[in-house]
There are 4 protein chains.
Amino acid sequence: MFVPDPLRAAVSDEAWLAAMLDAERALAEVTGDEEAAAACRPELYDVERLCEEGRADANPVVPLARALRERAPGAHRGATSQDILDTAAMLVARNARELVLAELDGAAAAAASLAEQHRSTPMAARTLLQQAAPTTFGLKAAGWLVGLVDARRRLAGARLPAQLGGPVGTMDPELTSRFAAALGLEEPVVPWHVHRGPVAELGAALDAAAAACAKVGLDVVLLAQTEVGEVSEAESGGSSSMPHKRNPAAAVLARACARIVHANAGLLTAGDYEHERAAGAWQAEWPALSAALAFAGGAAAAARRSLEGLEVHADRMQANIAVEALPGEGAATAEALVDRALAHYREST
Amino acid sequence: MFVPDPLRAAVSDEAWLAAMLDAERALAEVTGDEEAAAACRPELYDVERLCEEGRADANPVVPLARALRERAPGAHRGATSQDILDTAAMLVARNARELVLAELDGAAAAAASLAEQHRSTPMAARTLLQQAAPTTFGLKAAGWLVGLVDARRRLAGARLPAQLGGPVGTMDPELTSRFAAALGLEEPVVPWHVHRGPVAELGAALDAAAAACAKVGLDVVLLAQTEVGEVSEAESGGSSSMPHKRNPAAAVLARACARIVHANAGLLTAGDYEHERAAGAWQAEWPALSAALAFAGGAAAAARRSLEGLEVHADRMQANIAVEALPGEGAATAEALVDRALAHYREST
Amino acid sequence: MFVPDPLRAAVSDEAWLAAMLDAERALAEVTGDEEAAAACRPELYDVERLCEEGRADANPVVPLARALRERAPGAHRGATSQDILDTAAMLVARNARELVLAELDGAAAAAASLAEQHRSTPMAARTLLQQAAPTTFGLKAAGWLVGLVDARRRLAGARLPAQLGGPVGTMDPELTSRFAAALGLEEPVVPWHVHRGPVAELGAALDAAAAACAKVGLDVVLLAQTEVGEVSEAESGGSSSMPHKRNPAAAVLARACARIVHANAGLLTAGDYEHERAAGAWQAEWPALSAALAFAGGAAAAARRSLEGLEVHADRMQANIAVEALPGEGAATAEALVDRALAHYREST
Amino acid sequence: MFVPDPLRAAVSDEAWLAAMLDAERALAEVTGDEEAAAACRPELYDVERLCEEGRADANPVVPLARALRERAPGAHRGATSQDILDTAAMLVARNARELVLAELDGAAAAAASLAEQHRSTPMAARTLLQQAAPTTFGLKAAGWLVGLVDARRRLAGARLPAQLGGPVGTMDPELTSRFAAALGLEEPVVPWHVHRGPVAELGAALDAAAAACAKVGLDVVLLAQTEVGEVSEAESGGSSSMPHKRNPAAAVLARACARIVHANAGLLTAGDYEHERAAGAWQAEWPALSAALAFAGGAAAAARRSLEGLEVHADRMQANIAVEALPGEGAATAEALVDRALAHYREST
């Protein structure tokens with residue numbers, strides 16, 4: 001319900017298996033083992049069974065490497081299971097990130113369109129939820145836009161390095177370099193088995209992206225309140241008991257997804273990686289990374305859905321301002337700020 | 001890999017659907033609608049489709065209620081979707097909790113057995129990971145035991161109230177009382193749609209249970225270090241690259257699971273439930289509660305597996321003490337403390 | 001700004017020093033060392049210097065014990081620094097908790113009074129922030145009340161055990177029993193140096209208490225919105241730039257404080273206590289526990305301030321309902337639910 | 001005990017007041033109000049009283065602006081209190097960050113020196129805390145180094161924008177531009193009153209920096225174990241009860257500090273900023289940002305202290321390897337990796 005199907009697929013067990021085999025294949029290729037490369041086809045392996053067997057080793061690559069070697073004795077040579085899993089994690093992240101970015105782009109485009117269209121639509125600004133002074137709906141949308149654009153840039157910029165350190169991180173860096181190139185991943189300075197900057201950075205960037213979406217959701221929910229009534233979602237959600245209700249369902253989902261991303265990002269940034277391979281912190285990353293990617297995409301898709309075709313009730317916005325006589329003459333500069341935000345957006349695309 | 005199959009099933013989409021239908025059935029029964037009660041059979045509904053359709057409403061009960069009413073027009077009468085989902089959550093939690101408690105019981109029994117068996121086995125106590133003074137392995141196991149017993153008690157004691165407030169929490173409490181009784185859930189004082197004490201309490205209790213298991217995992221990992229060598233897991237895990245390794249895989253998994261529970265418990269205790277139904281915080285609970293239950297069970301199962309048949313190398317414990325001359329004569333009272341812990345355990349069962 | 005002065009004092013460095021000396025004095029008394037007992041006067045020690053010197057040992061009790069022994073060579077006998085610090089933490093918690101509970105009581109009394117007074121005051125209930133069906137303000141206040149009462153009970157029930165395990169937790173339990181009795185703290189089954197159930201329980205209970213206060217804050221903030229206007233705080237806050245504003249400042253502070261408590265509670269429940277004394281997790285508890293206590297009190301004080309003398313605009317509530325024709329007839333049962341909540345409150349006091 | 005004195009000063013209430021007055025002064029200067037600029041002297045105001053008075057408004061700038069206007073009626077013109085507080089937060093962050101970076105630099109230099117000096121010192125690598133294959137201590141130190149260098153770069157790169165949006169974010173951007181230039185802060189695209197990317201980014205960067213320090217602490221604690229004995233801290237900490245102990249106190253403090261940073265970073269990235277000024281989430285940032293800055297500095301200072309003069313027991317490292325016959329020949333490439341890390345470090349300085 002929360003996560004678009006393509007994203008669910010992109011972080012599924014099957015996607016992880018395919019990514020692990022991509023890593024194994026790249027390893028086979030850079031070491032010139034054609035037999036091993038040929039064995040790296042997902043349809044040959046049963047992901048359920050690998051997960052089940054992996055429990056005994058706290059690691060699904062142990063049974064996978066065993067199965068590979070049955071077909072190609074030279075497979076997995078030189079690598080440690082963490083090399084395969086970390087590289088797979090980066091490949092999964094790369095694919096899933098593309099989907100998240102596409103949803104963010106959609107949300108940003110919708111916000112930009114609202115900012116442009118309502119560049120001069122007056123509405124009340126609210127501080128501590130009290131009407132404060134007039135602003136424009138264009139500027140509100142411009143704020144969302146800048147938030148989305150900046151979060152997108154940060155997420156797109158998160159490093160995705162390959163991992164190929166061998167059992168204890170002493171693998172020849174020249175081999176790592178070719179391995180990274182083969183996969184189109186970044187080459188690390190040294191193995192990052194226990195220096196999880198990249199994972200933490202990615203987790204924090206997903207968190208920031210989801211937070212930018214949740215900000216949209218929060219404002220939409222507040223503006224859609226019965227007593228405010230300044231926006232409605234085009235496809236409002238229904239209620240099981242109250243047929244008259246028009247719930248801002250997408251905005252609600254954006255907020256819900258962001259809470260889940262935040263929880264998982266907290267895990268991905270929590271540290272505690274012992275010596276040359278962590279005994280718990282590393283293993284916990286797998287489900288948390290999948291969840292952070294999936295629900296960040298869920299947040300972005302929901303924010304996009306909320307913004308695309310958002311019904312803006314400019315008359316109600318105007319009427320609400322009349323509720324109280326308000327000081328201020330900010331409307332003129334508000335337009336200039338909208339233009340700045342749109343320029344910033346255009347530069348970013 | 002992390003979660004035992006029965007627990008995965010207990011928090012699956014299918015389990016949630018069955019629980020929602022149990023709630024709808026109980027409602028139908030207490031309102032005397034036999035037709036509606038008869039419609040509450042899981043095989044009649046497609047959980048995938050309900051989740052998909054629920055996206056539009058940010059709520060899977062909206063399409064479910066629609067589907068129910070197609071079969072029995074009186075179904076869902078008086079209830080709001082949150083009544084069904086919250087009650088279902090408590091039913092899912094009750095079933096899953098039984099499985100978690102069973103694993104905790106197994107872990108506690110194993111710890112008690114170790115405490116008894118090694119009541120007088122001397123070993124070095126370590127503070128800040130430095131050898132400090134002698135203790136006994138029995139006392140270490142007794143500490144785990146008390147931690148597990150207390151966490152178990154807290155988890156078993158977490159309230160699981162029914163929810164039947166109607167659209168805005170003004171349902172006749174007499175009906176709620178019968179509904180709760182029909183399901184064997186606790187009767188709330190008033191609806192708890194937005195007063196999530198029970199959810200937070202459950203989340204915190206699962207966190208505490210997982211933390212007690214992770215403490216076992218941490219100590220086992222430390223004691224199993226090559227240079228310490230005081231315990232080994234009976235079924236140690238292997239490595240994909242180093243055949244000589246005997247990894248304390250279960251202890252590692254216990255720690256990994258506990259990190260995941262902690263992240264999700266943080267969400268379940270984070271508040272922010274607006275007015276009479278929250279716009280985001282409530283919806284985020286569903287995957288988080290499932291994850292907290294499942295991984296708490298994973299932590300307990302792993303701690304149990306680690307402890308059951310843990311190989312205790314008493315000779316190595318003795319030899320390690322010799323590393324440094326140590327002051328202290330605590331061994332005598334250590335035995336008394338083990339006895340206290342065992343008595344505490346027996347009282348609790 | 002966030003924390004009432006008495007609470008700031010209750011968790012200050014001075015309060016911690018006094019509590020440590022209370023623990024040392026109780027130890028001296030149960031071991032019959034009058035000289036040591038006499039040395040346990042706070043005015044003899046410089047808390048700034050102890051903190052400074054404690055850095056070298058990651059522990060302020062090491063220099064304190066040194067200073068004590070200069071006056072009374074037998075001081076601190078048998079104890080380890082964690083005994084003193086953990087016991088001091090429980091004493092600090094006991095004192096600070098009293099203050100938190102008093103603020104919670106004030107908030108609950110104010111909520112009860114509102115529930116009683118507005119037992120039949122109609123207002124719109126809002127789900128997902130959309131008007132749903134009528135309720136009463138009395139029932140809304142009753143919900144706050146039950147949340148506060150239950151959180152108070154949980155906080156009041158959190159165990160506060162003494163700690164006296166000696167260097168490695170092998171202290172004679174009979175001595176611990178007398179030590180606990182002397183201080184009026186609970187007697188633990190075994191030392192809890194690394195089994196932090198009590199700390200986690202306290203942290204979670206403070207989190208729950210703050211969340212109950214934040215729920216009040218959230219609803220007040222939403223009801224005080226310009227467009228809703230159903231409540232105002234008696235002493236609304238001002239703005240530096242907009243003289244017309246009447247901000248629900250206390251409600252805002254309650255929410256802010258709760259966020260801080262939640263962050264610190266997350267630390268207090270995070271586990272990772274190695275062997276017989278943790279190398280990091282334990283030390284991190286000290287500032288986190290102080291913050292959790294102080295800001296929980298801040299949240300409760302702010303919720304109380306918000307509720308005491310809350311201006312309820314019943315006419316506006318009535319008028320707002322007219323915004324949309326609403327189905328439902330829950331007002332009658334709403335009164336019954338208010339009565340249940342008030343009865344629950346009275347039982348709890 | 002945790003935080004170096006200069007950092008404590010840099011985030012003190014006095015430092016915040018000075019920073020707020022710096023912001024007010026810059027505003028006065030860019031608007032050409034010399035009288036107001038002259039009134040911005042910290043010694044004229046009582047920070048305790050401002051905090052106390054600020055409680056009524058949930059905001060210390062409200063009384064500060066009042067006090068300023070008593071001296072210079074034109075002071076604070078056009079600004080909103082959040083402009084002053086957010087700008088002050090960035091100024092406080094800038095100053096405190098300098099101190100954190102200096103400690104990180106010290107830690108990195110010490111790690112680099114260890115990497116260089118022990119480029120070829122063999123030791124056992126440990127995965128899941130089991131001896132795996134040989135590595136070198138130089139490579140371990142090189143890993144710390146890269147972690148520190150990358151975290152430092154991220155922290156140094158965190159944006160620190162000025163804030164000058166006026167009451168509702170519609171301030172003339174030209175004025176904001178001059179204001180930012182006057183203070184040497186970044187110019188934002190649009191006001192970021194409720195788009196907290198910069199705060200979240202800073203919080204996440206502090207978290208990452210502390211995590212890099214905690215990784216050092218964790219490894220040092222593990223290597224310093226009695227049974228491992230491969231390093232000791234030059235100034236080991238003592239124990240109140242066990243005179244023989246040599247605790248790795250600085251490593252322990254690094255870990256403790258990082259836990260506190262992580263908790264506060266979680267708050268700084270949690271979102272929920274309503275409309276044009278948040279009712280709770282913003283206010284909670286102030287203590288959390290101070291804590292994150294201070295304890296990140298504490299973590300860095302402790303990691304530095306641990307690394308500077310770390311005693312490396314190469315003989316023990318060698319002897320420990322003999323514990324088990326180990327496969328592998330990574331020592332040669334380990335040296336190449338150390339050189340890569342050192343080159344990366346040199347490029348970064």
# chains A, B, ... in the order shown; residues from 1 in each chain; ligands from 1

$ closest_atom_pairs --of "chain D" --to "chain A" --cutoff "6 Å" --atoms "only C-alpha atoms" --output "JSON lines"
{"residue": "D:Arg126", "atom": "CA", "partner": "A:Glu276", "partner_atom": "CA", "distance": 5.4}
{"residue": "D:Thr127", "atom": "CA", "partner": "A:Arg277", "partner_atom": "CA", "distance": 4.3}
{"residue": "D:Leu128", "atom": "CA", "partner": "A:Ala279", "partner_atom": "CA", "distance": 4.6}
{"residue": "D:Gly147", "atom": "CA", "partner": "A:His195", "partner_atom": "CA", "distance": 5.9}
{"residue": "D:Thr170", "atom": "CA", "partner": "A:Gly330", "partner_atom": "CA", "distance": 5.1}
{"residue": "D:Asp172", "atom": "CA", "partner": "A:Thr333", "partner_atom": "CA", "distance": 5.4}
{"residue": "D:His195", "atom": "CA", "partner": "A:Gly147", "partner_atom": "CA", "distance": 5.9}
{"residue": "D:Ala211", "atom": "CA", "partner": "A:Gly271", "partner_atom": "CA", "distance": 5.7}
{"residue": "D:Asp219", "atom": "CA", "partner": "A:His275", "partner_atom": "CA", "distance": 5.8}
{"residue": "D:Gly271", "atom": "CA", "partner": "A:Ala211", "partner_atom": "CA", "distance": 5.7}
{"residue": "D:His275", "atom": "CA", "partner": "A:Asp219", "partner_atom": "CA", "distance": 5.8}
{"residue": "D:Glu276", "atom": "CA", "partner": "A:Thr127", "partner_atom": "CA", "distance": 5.1}
{"residue": "D:Arg277", "atom": "CA", "partner": "A:Thr127", "partner_atom": "CA", "distance": 4.3}
{"residue": "D:Ala278", "atom": "CA", "partner": "A:Leu128", "partner_atom": "CA", "distance": 5.5}
{"residue": "D:Ala279", "atom": "CA", "partner": "A:Leu128", "partner_atom": "CA", "distance": 4.6}
{"residue": "D:Gly330", "atom": "CA", "partner": "A:Thr170", "partner_atom": "CA", "distance": 5.1}
{"residue": "D:Thr333", "atom": "CA", "partner": "A:Asp172", "partner_atom": "CA", "distance": 5.4}
{"residue": "D:Ala334", "atom": "CA", "partner": "A:Thr170", "partner_atom": "CA", "distance": 5.1}

$ select_by_dssp --residues "segment 73-305 of chain B" --states "alpha helix (DSSP H)" --output "JSON, numbers by chain"
{"B": [81, 82, 83, 84, 85, 86, 87, 88, 89, 90, 91, 92, 93, 94, 95, 96, 97, 98, 99, 100, 101, 102, 103, 104, 105, 106, 107, 108, 109, 110, 111, 112, 113, 114, 115, 116, 117, 137, 138, 139, 140, 141, 142, 143, 144, 145, 146, 147, 148, 149, 150, 151, 152, 153, 154, 155, 156, 157, 173, 174, 175, 176, 177, 178, 179, 180, 181, 182, 183, 197, 198, 199, 200, 201, 202, 203, 204, 205, 206, 207, 208, 209, 210, 211, 212, 213, 214, 215, 216, 217, 218, 219, 220, 221, 222, 223, 249, 250, 251, 252, 253, 254, 255, 256, 257, 258, 259, 260, 261, 262, 263, 264, 265, 266, 267, 268, 281, 282, 283, 284, 285, 286, 287, 288, 289, 290, 291, 292, 293, 294, 295, 296, 297, 298, 299, 300, 301, 302, 303, 304, 305]}

$ residues_around --residues "segment 98-101 of chain A" --least-positions-apart "6" --cutoff "10 Å" --atoms "only C-alpha atoms" --output "PyMOL selection string"
chain A and resi 4+6-7+10+107+151-153+155-156+206+209-210+293-301

$ residues_around --residues "Ala181 of chain B" --least-positions-apart "6" --cutoff "12 Å" --atoms "only C-alpha atoms" --output "PyMOL selection string"
chain B and resi 23+26-27+29-30+161-164+174-175+187-188

$ write_last_selection --atoms "N, CA, C and O atoms" --output "PDB file, in the first residue's frame"
ATOM      1  N   ALA B  23     -12.014  -9.324  13.587  1.00  0.00           N
ATOM      2  CA  ALA B  23     -12.615  -8.140  14.217  1.00  0.00           C
ATOM      3  C   ALA B  23     -13.987  -7.865  13.625  1.00  0.00           C
ATOM      4  O   ALA B  23     -14.958  -7.616  14.357  1.00  0.00           O
ATOM      5  N   ALA B  26     -16.433 -10.433  14.962  1.00  0.00           N
ATOM      6  CA  ALA B  26     -16.848 -10.176  16.344  1.00  0.00           C
ATOM      7  C   ALA B  26     -17.850  -9.025  16.390  1.00  0.00           C
ATOM      8  O   ALA B  26     -18.836  -9.065  17.143  1.00  0.00           O
ATOM      9  N   LEU B  27     -17.620  -8.020  15.576  1.00  0.00           N
ATOM     10  CA  LEU B  27     -18.560  -6.902  15.511  1.00  0.00           C
ATOM     11  C   LEU B  27     -19.925  -7.384  15.031  1.00  0.00           C
ATOM     12  O   LEU B  27     -20.970  -7.018  15.612  1.00  0.00           O
ATOM     13  N   GLU B  29     -21.109 -10.303  15.268  1.00  0.00           N
ATOM     14  CA  GLU B  29     -21.724 -11.153  16.282  1.00  0.00           C
ATOM     15  C   GLU B  29     -22.344 -10.335  17.414  1.00  0.00           C
ATOM     16  O   GLU B  29     -23.462 -10.590  17.835  1.00  0.00           O
ATOM     17  N   VAL B  30     -21.608  -9.347  17.881  1.00  0.00           N
ATOM     18  CA  VAL B  30     -22.179  -8.601  19.015  1.00  0.00           C
ATOM     19  C   VAL B  30     -23.345  -7.719  18.569  1.00  0.00           C
ATOM     20  O   VAL B  30     -24.152  -7.292  19.388  1.00  0.00           O
ATOM     21  N   PRO B 161      -5.639  -3.904  24.184  1.00  0.00           N
ATOM     22  CA  PRO B 161      -7.056  -3.552  24.242  1.00  0.00           C
ATOM     23  C   PRO B 161      -7.742  -3.660  22.887  1.00  0.00           C
ATOM     24  O   PRO B 161      -7.129  -3.436  21.846  1.00  0.00           O
ATOM     25  N   ALA B 162      -9.004  -3.984  22.909  1.00  0.00           N
ATOM     26  CA  ALA B 162      -9.825  -3.895  21.700  1.00  0.00           C
ATOM     27  C   ALA B 162     -10.064  -2.425  21.388  1.00  0.00           C
ATOM     28  O   ALA B 162      -9.913  -1.560  22.255  1.00  0.00           O
ATOM     29  N   GLN B 163     -10.432  -2.182  20.165  1.00  0.00           N
ATOM     30  CA  GLN B 163     -10.770  -0.814  19.755  1.00  0.00           C
ATOM     31  C   GLN B 163     -12.148  -0.871  19.100  1.00  0.00           C
ATOM     32  O   GLN B 163     -12.359  -1.652  18.170  1.00  0.00           O
ATOM     33  N   LEU B 164     -13.075  -0.089  19.619  1.00  0.00           N
ATOM     34  CA  LEU B 164     -14.366   0.033  18.927  1.00  0.00           C
ATOM     35  C   LEU B 164     -14.990   1.363  19.333  1.00  0.00           C
ATOM     36  O   LEU B 164     -15.843   1.435  20.208  1.00  0.00           O
ATOM     37  N   GLU B 174     -20.743   0.082  26.107  1.00  0.00           N
ATOM     38  CA  GLU B 174     -21.279  -1.244  26.421  1.00  0.00           C
ATOM     39  C   GLU B 174     -21.016  -2.196  25.256  1.00  0.00           C
ATOM     40  O   GLU B 174     -20.664  -3.366  25.449  1.00  0.00           O
ATOM     41  N   LEU B 175     -21.172  -1.684  24.047  1.00  0.00           N
ATOM     42  CA  LEU B 175     -20.899  -2.510  22.872  1.00  0.00           C
ATOM     43  C   LEU B 175     -19.404  -2.856  22.790  1.00  0.00           C
ATOM     44  O   LEU B 175     -19.030  -4.002  22.498  1.00  0.00           O
ATOM     45  N   GLU B 187     -10.647  -4.441  27.659  1.00  0.00           N
ATOM     46  CA  GLU B 187     -11.620  -3.377  27.398  1.00  0.00           C
ATOM     47  C   GLU B 187     -10.989  -2.036  27.741  1.00  0.00           C
ATOM     48  O   GLU B 187     -10.539  -1.838  28.865  1.00  0.00           O
ATOM     49  N   PRO B 188     -10.958  -1.115  26.805  1.00  0.00           N
ATOM     50  CA  PRO B 188     -10.331   0.179  27.107  1.00  0.00           C
ATOM     51  C   PRO B 188     -11.286   1.077  27.889  1.00  0.00           C
ATOM     52  O   PRO B 188     -12.501   0.894  27.831  1.00  0.00           O
TER      53      PRO B 188
END

$ residues_around --residues "Pro243 of chain C" --least-positions-apart "2" --cutoff "12 Å" --atoms "only C-alpha atoms" --output "number ranges by chain"
A: 132-133, 326-328; C: 236-241, 245-247; D: 62, 66, 80, 167

$ residues_around --residues "segment 35-46 of chain D" --least-positions-apart "5" --cutoff "7 Å" --atoms "only C-alpha atoms" --output "list in words"
Leu17, Ala18, Leu21, Glu24, Arg25, Ala28, Glu29, Leu68, Arg71, Ala72, Gly74 and Ala75 of chain D

$ write_last_selection --atoms "N, CA and C atoms" --output "mmCIF file, in the first residue's frame"
data_model
loop_
_atom_site.group_PDB
_atom_site.id
_atom_site.type_symbol
_atom_site.label_atom_id
_atom_site.label_comp_id
_atom_site.auth_asym_id
_atom_site.auth_seq_id
_atom_site.Cartn_x
_atom_site.Cartn_y
_atom_site.Cartn_z
ATOM 1 N N LEU D 17 23.421 33.953 22.915
ATOM 2 C CA LEU D 17 23.041 35.374 23.018
ATOM 3 C C LEU D 17 23.945 36.228 22.143
ATOM 4 N N ALA D 18 25.239 35.972 22.236
ATOM 5 C CA ALA D 18 26.185 36.753 21.420
ATOM 6 C C ALA D 18 25.872 36.574 19.936
ATOM 7 N N LEU D 21 22.861 38.512 18.925
ATOM 8 C CA LEU D 21 23.175 39.944 18.812
ATOM 9 C C LEU D 21 24.029 40.218 17.572
ATOM 10 N N GLU D 24 21.426 40.457 14.956
ATOM 11 C CA GLU D 24 20.699 41.737 15.054
ATOM 12 C C GLU D 24 21.594 42.887 14.570
ATOM 13 N N ARG D 25 22.862 42.815 14.912
ATOM 14 C CA ARG D 25 23.773 43.887 14.501
ATOM 15 C C ARG D 25 23.921 43.918 12.978
ATOM 16 N N ALA D 28 20.930 45.471 11.575
ATOM 17 C CA ALA D 28 20.957 46.923 11.775
ATOM 18 C C ALA D 28 21.905 47.562 10.773
ATOM 19 N N GLU D 29 23.013 46.933 10.532
ATOM 20 C CA GLU D 29 23.995 47.515 9.614
ATOM 21 C C GLU D 29 23.483 47.538 8.179
ATOM 22 N N LEU D 68 15.927 45.226 23.052
ATOM 23 C CA LEU D 68 16.678 46.001 22.058
ATOM 24 C C LEU D 68 15.929 47.282 21.704
ATOM 25 N N ARG D 71 16.226 50.326 23.759
ATOM 26 C CA ARG D 71 17.435 51.120 23.527
ATOM 27 C C ARG D 71 17.438 51.755 22.146
ATOM 28 N N ALA D 72 16.883 51.049 21.191
ATOM 29 C CA ALA D 72 16.926 51.533 19.807
ATOM 30 C C ALA D 72 15.627 51.119 19.143
ATOM 31 N N GLY D 74 14.307 51.238 16.418
ATOM 32 C CA GLY D 74 14.289 50.635 15.087
ATOM 33 C C GLY D 74 14.886 49.241 15.024
ATOM 34 N N ALA D 75 15.358 48.762 16.153
ATOM 35 C CA ALA D 75 16.032 47.454 16.140
ATOM 36 C C ALA D 75 15.080 46.353 15.707
#

$ select_by_dssp --residues "segment 45-186 of chain D" --states "strand (DSSP E or B)" --output "list of chain:residue names"
D:Pro122, D:Met123, D:Ala124, D:Ala125, D:Arg126, D:Thr127, D:Gln130, D:Gln131, D:Ala132, D:Ala133, D:Pro134, D:Thr135, D:Thr136, D:Pro161, D:Glu186

$ write_last_selection --atoms "N, CA and C atoms" --output "CSV table (one decimal), in the first residue's frame"
chain,number,residue,atom,x,y,z
D,122,PRO,N,52.6,-6.5,11.4
D,122,PRO,CA,51.5,-7.5,11.2
D,122,PRO,C,50.6,-7.6,12.5
D,123,MET,N,49.4,-7.9,12.2
D,123,MET,CA,48.4,-8.2,13.3
D,123,MET,C,47.3,-9.0,12.7
D,124,ALA,N,46.6,-9.6,13.6
D,124,ALA,CA,45.4,-10.4,13.1
D,124,ALA,C,44.3,-9.5,12.8
D,125,ALA,N,43.7,-9.8,11.6
D,125,ALA,CA,42.4,-9.1,11.3
D,125,ALA,C,41.3,-10.0,11.9
D,126,ARG,N,40.2,-9.4,12.3
D,126,ARG,CA,39.1,-10.1,13.0
D,126,ARG,C,37.8,-9.8,12.4
D,127,THR,N,37.1,-10.8,12.0
D,127,THR,CA,35.8,-10.6,11.4
D,127,THR,C,34.8,-11.4,12.3
D,130,GLN,N,36.3,-12.9,15.3
D,130,GLN,CA,37.1,-14.1,15.2
D,130,GLN,C,38.3,-13.8,14.3
D,131,GLN,N,39.5,-14.3,14.7
D,131,GLN,CA,40.7,-14.1,13.9
D,131,GLN,C,40.4,-14.7,12.5
D,132,ALA,N,40.8,-13.9,11.5
D,132,ALA,CA,40.4,-14.3,10.2
D,132,ALA,C,41.7,-14.5,9.3
D,133,ALA,N,42.5,-13.5,9.2
D,133,ALA,CA,43.7,-13.6,8.4
D,133,ALA,C,44.6,-12.4,8.8
D,134,PRO,N,45.9,-12.5,8.5
D,134,PRO,CA,46.7,-11.3,8.9
D,134,PRO,C,46.4,-10.0,8.1
D,135,THR,N,46.5,-9.0,8.8
D,135,THR,CA,46.5,-7.7,8.2
D,135,THR,C,47.7,-6.9,8.9
D,136,THR,N,47.7,-5.6,8.7
D,136,THR,CA,48.7,-4.8,9.5
D,136,THR,C,48.0,-3.8,10.3
D,161,PRO,N,23.6,28.5,6.0
D,161,PRO,CA,23.0,29.7,5.4
D,161,PRO,C,22.5,30.7,6.4
D,186,GLU,N,26.2,31.6,4.1
D,186,GLU,CA,25.7,31.3,2.7
D,186,GLU,C,24.4,32.0,2.5
